[in-house]
Amino acid sequence: MERTPPVIFVDPVQPELDRLEQAADLLRRGRLVAFPTETVYGLGAHALDRAAVRRIFEAKGRPATNPLIVHIATIAEARRLARVWSPAAEALATHFWPGPLTIVVPGADIVPAEVSAGLDTVALRLPGHPVARALLRTAGIPLAAPSANRYTEVSPTTADHVLKSLGTRVDMIIDGGPTNVGIESTVISVTQDYPVILRPGMIGEEELRAILPEVVAFDGATVMESTPRHSPGLAPRHYAPRAKLVLVKASRPEFEARIRERCPKERMGIIAIGNELGAGLEDVPVVLLANEPEAYARHLYGALHELDGYDLETILLEAPPEDDPWRAIWDRLRRASTPQQ
Ligand code: TXA
Ligand code: MG
């Protein structure tokens, strides 16, 4: 029997460098190490080692047609992995890195085809989490790292989520505590005439437009139909819990009425927003999220993981506001609630 992977605890603010040596060594030798970033935990492998990159796809059960994000320690390294590093890429990198932004650029020849799923572009990110940065510096190599979960499952925001999803499929897990942003990075492509947001994230359109006024947001449905491989994070069912997630757009009294109606018949859990639910619903597992987008995003995946621990048929989710700061959250909610085909 394979043994469960060693879990190394490190300080999330001032990571002990000696504790990262073993992980760095495993990575240099082509093994898989899960580590925290400020968004979600990543499943890392040596980005320039084809065999190591293939192990990521095997461990996740992810189709080889989905390209990976390459994490780097410095902007100089990003330039080395790009065939073209445009003024737009430079502007985005200097303003938003280190941070939760992934920049898609034309890829250099040294980037293996496996990383980019055969595309001639590469997605680059310089993460802000001190542990991710220390690991990248210690390993001295770029790290391909998708979210550290099995394909289509909810992304991990704790080391425990990684262990539950990947188990023995990973060689080591670095535990740096819960992640702060909570949902995946914004992905922006600067490979065309104008910059395009391929995946919304907590760095929003407005913020990006302040640096590059010509930024446009891509319409996910169009991408899916025309070029499914262009941005696989836009696959309709993604980030999904095992229980069926049902979004309820209703006033609080209506929401509670809906719960009472379905409750006796279904094993059900609730994700509510803002204030606690009224009396009489004490037997239903409830997670209460903040009515504020940053805090909501930070805890959303944790809420889904938590409720999945109850073996539920259904999760009823009280819909959050729909204005701009909630856009990336809505993107994830829509995908998580798409029924399986
Ligand atoms: O926050 C994050 O980005 C996390 C952490 C670990 O950094 N990573 C992550 O990776 O979410 P993953 O593999 O789950 O999502 C990668 C996304 C894909 O869904 C795709 O949209 C985009 O990055 N992507 C990667 N390479 C691309 C490329 N060459 N062209 C277009 N999109 C690409
Ligand atoms: Mg993912």
# chains A, B, ... in the order shown; residues from 1 in each chain; ligands from 1
>>> residues_near_ligand(ligand="ligand 2", cutoff="10 Å", atoms="only C-alpha atoms and all ligand atoms", output="PyMOL selection string")
chain A and resi 40-43+60+62+66+68+145-156+183-184+232-233+238-239
>>> select_by_dssp(residues="segment 86-185 of chain A", states="strand (DSSP E)", output="ChimeraX atom specification")
/A:101-106,121-125,143-144,172-175
>>> write_last_selection(atoms="all heavy atoms", output="short mmCIF file (atom, residue, chain, number, x, y, z; two decimals), in the first residue's frame")
data_model
loop_
_atom_site.label_atom_id
_atom_site.label_comp_id
_atom_site.auth_asym_id
_atom_site.auth_seq_id
_atom_site.Cartn_x
_atom_site.Cartn_y
_atom_site.Cartn_z
N LEU A 101 -2.69 37.24 -10.24
CA LEU A 101 -2.93 37.48 -11.67
C LEU A 101 -2.04 36.55 -12.49
O LEU A 101 -0.84 36.46 -12.25
CB LEU A 101 -2.61 38.93 -12.04
CG LEU A 101 -2.89 39.27 -13.50
CD1 LEU A 101 -4.40 39.37 -13.76
CD2 LEU A 101 -2.21 40.58 -13.92
N THR A 102 -2.67 35.88 -13.47
CA THR A 102 -1.93 35.02 -14.40
C THR A 102 -1.94 35.70 -15.76
O THR A 102 -2.98 36.12 -16.24
CB THR A 102 -2.61 33.63 -14.48
OG1 THR A 102 -2.51 33.02 -13.19
CG2 THR A 102 -1.94 32.75 -15.53
N ILE A 103 -0.75 35.82 -16.36
CA ILE A 103 -0.62 36.52 -17.64
C ILE A 103 -0.25 35.51 -18.73
O ILE A 103 0.76 34.80 -18.62
CB ILE A 103 0.46 37.62 -17.56
CG1 ILE A 103 0.20 38.54 -16.34
CG2 ILE A 103 0.50 38.44 -18.84
CD1 ILE A 103 1.30 39.59 -16.11
N VAL A 104 -1.09 35.40 -19.76
CA VAL A 104 -0.82 34.49 -20.87
C VAL A 104 -0.08 35.26 -21.97
O VAL A 104 -0.54 36.29 -22.44
CB VAL A 104 -2.13 33.89 -21.43
CG1 VAL A 104 -1.85 32.99 -22.64
CG2 VAL A 104 -2.87 33.11 -20.35
N VAL A 105 1.11 34.72 -22.33
CA VAL A 105 1.98 35.37 -23.32
C VAL A 105 2.44 34.31 -24.33
O VAL A 105 2.32 33.11 -24.06
CB VAL A 105 3.22 36.01 -22.63
CG1 VAL A 105 2.81 37.11 -21.67
CG2 VAL A 105 4.05 34.95 -21.91
N PRO A 106 2.99 34.71 -25.47
CA PRO A 106 3.58 33.72 -26.38
C PRO A 106 4.70 32.98 -25.64
O PRO A 106 5.50 33.60 -24.94
CB PRO A 106 4.15 34.59 -27.52
CG PRO A 106 3.35 35.85 -27.48
CD PRO A 106 3.06 36.09 -26.02
N THR A 121 1.34 29.41 -26.50
CA THR A 121 1.35 30.43 -25.44
C THR A 121 1.70 29.77 -24.11
O THR A 121 1.67 28.55 -24.00
CB THR A 121 -0.04 31.07 -25.33
OG1 THR A 121 -1.00 30.04 -25.15
CG2 THR A 121 -0.37 31.87 -26.59
N VAL A 122 2.01 30.59 -23.11
CA VAL A 122 2.23 30.05 -21.77
C VAL A 122 1.61 31.00 -20.74
O VAL A 122 1.66 32.22 -20.91
CB VAL A 122 3.74 29.81 -21.48
CG1 VAL A 122 4.53 31.11 -21.46
CG2 VAL A 122 3.94 29.05 -20.17
N ALA A 123 0.98 30.42 -19.70
CA ALA A 123 0.37 31.20 -18.64
C ALA A 123 1.36 31.33 -17.49
O ALA A 123 1.87 30.32 -17.00
CB ALA A 123 -0.92 30.52 -18.17
N LEU A 124 1.66 32.56 -17.08
CA LEU A 124 2.69 32.80 -16.06
C LEU A 124 2.10 33.52 -14.85
O LEU A 124 1.25 34.41 -15.00
CB LEU A 124 3.82 33.65 -16.65
CG LEU A 124 4.55 33.06 -17.86
CD1 LEU A 124 5.50 34.10 -18.47
CD2 LEU A 124 5.32 31.80 -17.45
N ARG A 125 2.57 33.12 -13.67
CA ARG A 125 2.10 33.81 -12.46
C ARG A 125 3.22 33.88 -11.43
O ARG A 125 3.90 32.89 -11.17
CB ARG A 125 0.90 33.05 -11.88
CG ARG A 125 0.38 33.60 -10.57
CD ARG A 125 -1.07 33.20 -10.39
NE ARG A 125 -1.30 32.32 -9.25
CZ ARG A 125 -1.34 32.73 -7.98
NH1 ARG A 125 -1.12 33.99 -7.67
NH2 ARG A 125 -1.58 31.86 -7.00
N LEU A 143 7.66 26.39 -11.55
CA LEU A 143 6.76 25.30 -11.16
C LEU A 143 5.42 25.38 -11.86
O LEU A 143 4.69 26.37 -11.70
CB LEU A 143 6.53 25.32 -9.64
CG LEU A 143 7.76 25.11 -8.75
CD1 LEU A 143 7.38 25.23 -7.27
CD2 LEU A 143 8.40 23.73 -9.03
N ALA A 144 5.12 24.36 -12.66
CA ALA A 144 3.76 24.23 -13.21
C ALA A 144 2.88 23.82 -12.05
O ALA A 144 3.24 22.90 -11.30
CB ALA A 144 3.74 23.17 -14.31
N MET A 172 4.38 15.10 -1.51
CA MET A 172 4.54 15.87 -0.27
C MET A 172 3.54 17.01 -0.27
O MET A 172 3.19 17.53 -1.34
CB MET A 172 5.97 16.42 -0.18
CG MET A 172 6.22 17.26 1.06
SD MET A 172 7.95 17.80 1.17
CE MET A 172 8.70 16.38 1.92
N ILE A 173 3.08 17.38 0.93
CA ILE A 173 2.17 18.52 1.05
C ILE A 173 2.80 19.53 2.00
O ILE A 173 3.21 19.18 3.11
CB ILE A 173 0.78 18.10 1.57
CG1 ILE A 173 0.11 17.11 0.60
CG2 ILE A 173 -0.11 19.33 1.79
CD1 ILE A 173 -1.20 16.53 1.11
N ILE A 174 2.91 20.78 1.57
CA ILE A 174 3.39 21.84 2.46
C ILE A 174 2.16 22.54 3.04
O ILE A 174 1.34 23.07 2.29
CB ILE A 174 4.27 22.84 1.72
CG1 ILE A 174 5.49 22.12 1.13
CG2 ILE A 174 4.72 23.97 2.65
CD1 ILE A 174 6.33 22.99 0.22
N ASP A 175 2.03 22.50 4.36
CA ASP A 175 0.88 23.12 5.02
C ASP A 175 1.26 24.50 5.52
O ASP A 175 2.03 24.64 6.47
CB ASP A 175 0.42 22.23 6.18
CG ASP A 175 -0.90 22.70 6.78
OD1 ASP A 175 -1.23 23.90 6.65
OD2 ASP A 175 -1.61 21.86 7.39
#
>>> residues_around(residues="Thr94 of chain A", least_positions_apart="3", cutoff="12 Å", atoms="only C-alpha atoms", output="PyMOL selection string")
chain A and resi 74-76+78+87-91+97-99+101+103+125-126+211
>>> write_last_selection(atoms="all heavy atoms", output="tab-separated table (two decimals), in the first residue's frame")
chain	number	residue	atom	x	y	z
A	74	THR	N	10.59	35.45	-10.22
A	74	THR	CA	10.96	36.82	-10.60
A	74	THR	C	10.40	37.18	-11.98
A	74	THR	O	10.09	36.29	-12.79
A	74	THR	CB	12.50	36.96	-10.69
A	74	THR	OG1	12.97	36.09	-11.74
A	74	THR	CG2	13.19	36.61	-9.39
A	75	ILE	N	10.30	38.48	-12.24
A	75	ILE	CA	9.84	38.92	-13.56
A	75	ILE	C	10.88	38.54	-14.62
A	75	ILE	O	10.54	38.21	-15.76
A	75	ILE	CB	9.54	40.44	-13.58
A	75	ILE	CG1	8.37	40.74	-12.63
A	75	ILE	CG2	9.20	40.92	-14.99
A	75	ILE	CD1	7.89	42.19	-12.64
A	76	ALA	N	12.15	38.52	-14.24
A	76	ALA	CA	13.20	38.12	-15.18
A	76	ALA	C	12.95	36.70	-15.69
A	76	ALA	O	13.14	36.40	-16.87
A	76	ALA	CB	14.57	38.22	-14.51
A	78	ALA	N	10.03	35.27	-15.88
A	78	ALA	CA	8.87	35.33	-16.77
A	78	ALA	C	9.32	35.70	-18.18
A	78	ALA	O	8.91	35.09	-19.17
A	78	ALA	CB	7.85	36.36	-16.25
A	87	PRO	N	4.99	45.32	-23.87
A	87	PRO	CA	4.80	46.38	-22.88
A	87	PRO	C	3.56	46.12	-22.02
A	87	PRO	O	3.55	46.45	-20.82
A	87	PRO	CB	4.63	47.63	-23.73
A	87	PRO	CG	5.32	47.32	-25.03
A	87	PRO	CD	5.15	45.85	-25.25
A	88	ALA	N	2.51	45.52	-22.60
A	88	ALA	CA	1.30	45.21	-21.83
A	88	ALA	C	1.62	44.20	-20.72
A	88	ALA	O	1.20	44.35	-19.57
A	88	ALA	CB	0.20	44.67	-22.74
A	89	ALA	N	2.39	43.17	-21.07
A	89	ALA	CA	2.78	42.15	-20.09
A	89	ALA	C	3.61	42.80	-18.98
A	89	ALA	O	3.40	42.55	-17.79
A	89	ALA	CB	3.57	41.03	-20.76
A	90	GLU	N	4.54	43.65	-19.37
A	90	GLU	CA	5.40	44.33	-18.40
A	90	GLU	C	4.58	45.21	-17.46
A	90	GLU	O	4.78	45.21	-16.24
A	90	GLU	CB	6.46	45.16	-19.16
A	90	GLU	CG	7.43	45.93	-18.28
A	90	GLU	CD	8.42	45.04	-17.52
A	90	GLU	OE1	8.61	43.86	-17.91
A	90	GLU	OE2	9.00	45.53	-16.54
A	91	ALA	N	3.61	45.94	-18.02
A	91	ALA	CA	2.77	46.83	-17.20
A	91	ALA	C	1.97	46.02	-16.18
A	91	ALA	O	1.91	46.36	-14.99
A	91	ALA	CB	1.84	47.64	-18.10
A	97	TRP	N	2.07	41.90	-9.78
A	97	TRP	CA	2.91	40.84	-9.22
A	97	TRP	C	3.76	41.39	-8.10
A	97	TRP	O	4.23	42.53	-8.21
A	97	TRP	CB	3.81	40.25	-10.31
A	97	TRP	CG	3.10	39.31	-11.24
A	97	TRP	CD1	1.79	38.90	-11.19
A	97	TRP	CD2	3.67	38.68	-12.40
A	97	TRP	NE1	1.53	38.04	-12.24
A	97	TRP	CE2	2.66	37.89	-12.99
A	97	TRP	CE3	4.94	38.70	-12.99
A	97	TRP	CZ2	2.88	37.13	-14.15
A	97	TRP	CZ3	5.16	37.94	-14.12
A	97	TRP	CH2	4.13	37.16	-14.70
A	98	PRO	N	4.04	40.61	-7.07
A	98	PRO	CA	3.45	39.30	-6.80
A	98	PRO	C	1.97	39.44	-6.49
A	98	PRO	O	1.60	40.38	-5.77
A	98	PRO	CB	4.20	38.82	-5.56
A	98	PRO	CG	5.21	39.86	-5.23
A	98	PRO	CD	4.96	41.07	-6.03
A	99	GLY	N	1.17	38.51	-7.00
A	99	GLY	CA	-0.26	38.58	-6.74
A	99	GLY	C	-1.08	37.63	-7.57
A	99	GLY	O	-0.55	36.89	-8.39
A	101	LEU	N	-2.69	37.24	-10.24
A	101	LEU	CA	-2.93	37.48	-11.67
A	101	LEU	C	-2.04	36.55	-12.49
A	101	LEU	O	-0.84	36.46	-12.25
A	101	LEU	CB	-2.61	38.93	-12.04
A	101	LEU	CG	-2.89	39.27	-13.50
A	101	LEU	CD1	-4.40	39.37	-13.76
A	101	LEU	CD2	-2.21	40.58	-13.92
A	103	ILE	N	-0.75	35.82	-16.36
A	103	ILE	CA	-0.62	36.52	-17.64
A	103	ILE	C	-0.25	35.51	-18.73
A	103	ILE	O	0.76	34.80	-18.62
A	103	ILE	CB	0.46	37.62	-17.56
A	103	ILE	CG1	0.20	38.54	-16.34
A	103	ILE	CG2	0.50	38.44	-18.84
A	103	ILE	CD1	1.30	39.59	-16.11
A	125	ARG	N	2.57	33.12	-13.67
A	125	ARG	CA	2.10	33.81	-12.46
A	125	ARG	C	3.22	33.88	-11.43
A	125	ARG	O	3.90	32.89	-11.17
A	125	ARG	CB	0.90	33.05	-11.88
A	125	ARG	CG	0.38	33.60	-10.57
A	125	ARG	CD	-1.07	33.20	-10.39
A	125	ARG	NE	-1.30	32.32	-9.25
A	125	ARG	CZ	-1.34	32.73	-7.98
A	125	ARG	NH1	-1.12	33.99	-7.67
A	125	ARG	NH2	-1.58	31.86	-7.00
A	126	LEU	N	3.40	35.05	-10.85
A	126	LEU	CA	4.35	35.25	-9.76
A	126	LEU	C	3.50	35.42	-8.49
A	126	LEU	O	2.94	36.48	-8.25
A	126	LEU	CB	5.20	36.49	-10.02
A	126	LEU	CG	6.55	36.62	-9.31
A	126	LEU	CD1	7.40	37.69	-9.97
A	126	LEU	CD2	6.40	36.91	-7.84
A	211	ILE	N	-4.85	50.01	-15.59
A	211	ILE	CA	-3.49	49.85	-16.12
A	211	ILE	C	-3.51	49.73	-17.64
A	211	ILE	O	-2.70	50.34	-18.33
A	211	ILE	CB	-2.82	48.58	-15.51
A	211	ILE	CG1	-2.86	48.63	-13.98
A	211	ILE	CG2	-1.39	48.41	-16.01
A	211	ILE	CD1	-2.26	49.88	-13.37
>>> residues_around(residues="Leu81 of chain A", least_positions_apart="2", cutoff="7 Å", atoms="only C-alpha atoms", output="PyMOL selection string")
chain A and resi 77-79+83+107-108+111
>>> residues_around(residues="Pro293 of chain A", least_positions_apart="3", cutoff="12 Å", atoms="only C-alpha atoms", output="VMD selection string")
chain A and resid 181 to 183 201 to 204 273 to 274 289 to 290 296 to 300 320 to 330
>>> closest_residue(among="A:Leu317, A:Val216, A:Val70, A:Ala159", to="ligand 1", atoms="only C-alpha atoms and all ligand atoms")
A:Val70
>>> closest_residue(among="A:Leu198, A:Val7, A:Ala45, A:Ala319", to="ligand 1", atoms="only C-alpha atoms and all ligand atoms")
A:Leu198
>>> select_by_dssp(residues="segment 25-97 of chain A", states="helix (DSSP H, G or I)", output="ChimeraX atom specification")
/A:25-28,50-60,75-81,87-96
>>> residues_around(residues="Ala250 of chain A", least_positions_apart="4", cutoff="8 Å", atoms="only C-alpha atoms", output="tab-separated table (two decimals) with N, CA and C atoms, in the first residue's frame")
chain	number	residue	atom	x	y	z
A	254	GLU	N	-38.44	33.99	1.69
A	254	GLU	CA	-38.68	33.00	0.63
A	254	GLU	C	-37.66	31.88	0.68
A	255	PHE	N	-36.38	32.26	0.91
A	255	PHE	CA	-35.30	31.28	1.00
A	255	PHE	C	-35.59	30.28	2.11
A	318	GLU	N	-27.94	30.57	-0.89
A	318	GLU	CA	-28.63	31.85	-0.98
A	318	GLU	C	-27.78	32.78	-1.84
A	319	ALA	N	-28.32	33.21	-2.98
A	319	ALA	CA	-27.52	33.97	-3.95
A	319	ALA	C	-27.00	35.28	-3.37
>>> residues_around(residues="Thr158 of chain A", least_positions_apart="6", cutoff="7 Å", atoms="only C-alpha atoms", output="JSON, numbers by chain")
{"A": [41, 177, 178, 179]}
>>> write_last_selection(atoms="N, CA and C atoms", output="compact mmCIF listing (two decimals), in the first residue's frame")
# COMPACT_ATOMS: atom_id res chain seq x y z
N TYR A 41 -4.46 26.11 -3.02
CA TYR A 41 -3.25 25.28 -3.01
C TYR A 41 -2.96 24.80 -4.43
N GLY A 177 -1.23 26.76 6.22
CA GLY A 177 -2.50 27.32 6.70
C GLY A 177 -3.47 27.61 5.56
N PRO A 178 -4.65 28.14 5.91
CA PRO A 178 -5.67 28.42 4.89
C PRO A 178 -5.25 29.56 3.97
N THR A 179 -5.67 29.49 2.70
CA THR A 179 -5.30 30.53 1.75
C THR A 179 -6.18 31.77 1.96
>>> closest_residue(among="A:Asp25, A:Asp18, A:Glu38, A:Glu282", to="ligand 1", atoms="only C-alpha atoms and all ligand atoms")
A:Glu38
>>> closest_residue(among="A:Val84, A:Leu304, A:Leu312, A:Ala295", to="Gly269 of chain A", atoms="only C-alpha atoms")
A:Leu312
>>> atom_distance(atom1="atom CA of Thr39 of chain A", atom2="atom CA of Ile8 of chain A")
19.3 Å
>>> closest_residue(among="A:Leu135, A:Ala64, A:Leu333, A:Val53", to="Lys244 of chain A", atoms="only C-alpha atoms")
A:Leu333
>>> atom_distance(atom1="atom CA of Pro112 of chain A", atom2="atom CA of Ala47 of chain A")
7.7 Å
>>> closest_residue(among="A:Ile110, A:Ile259, A:Ala217, A:Leu26", to="Arg80 of chain A", atoms="only C-alpha atoms")
A:Ile110
>>> atom_distance(atom1="atom CA of Glu21 of chain A", atom2="atom 29 (N, counted along the ligand's line) of ligand 1")
29.7 Å
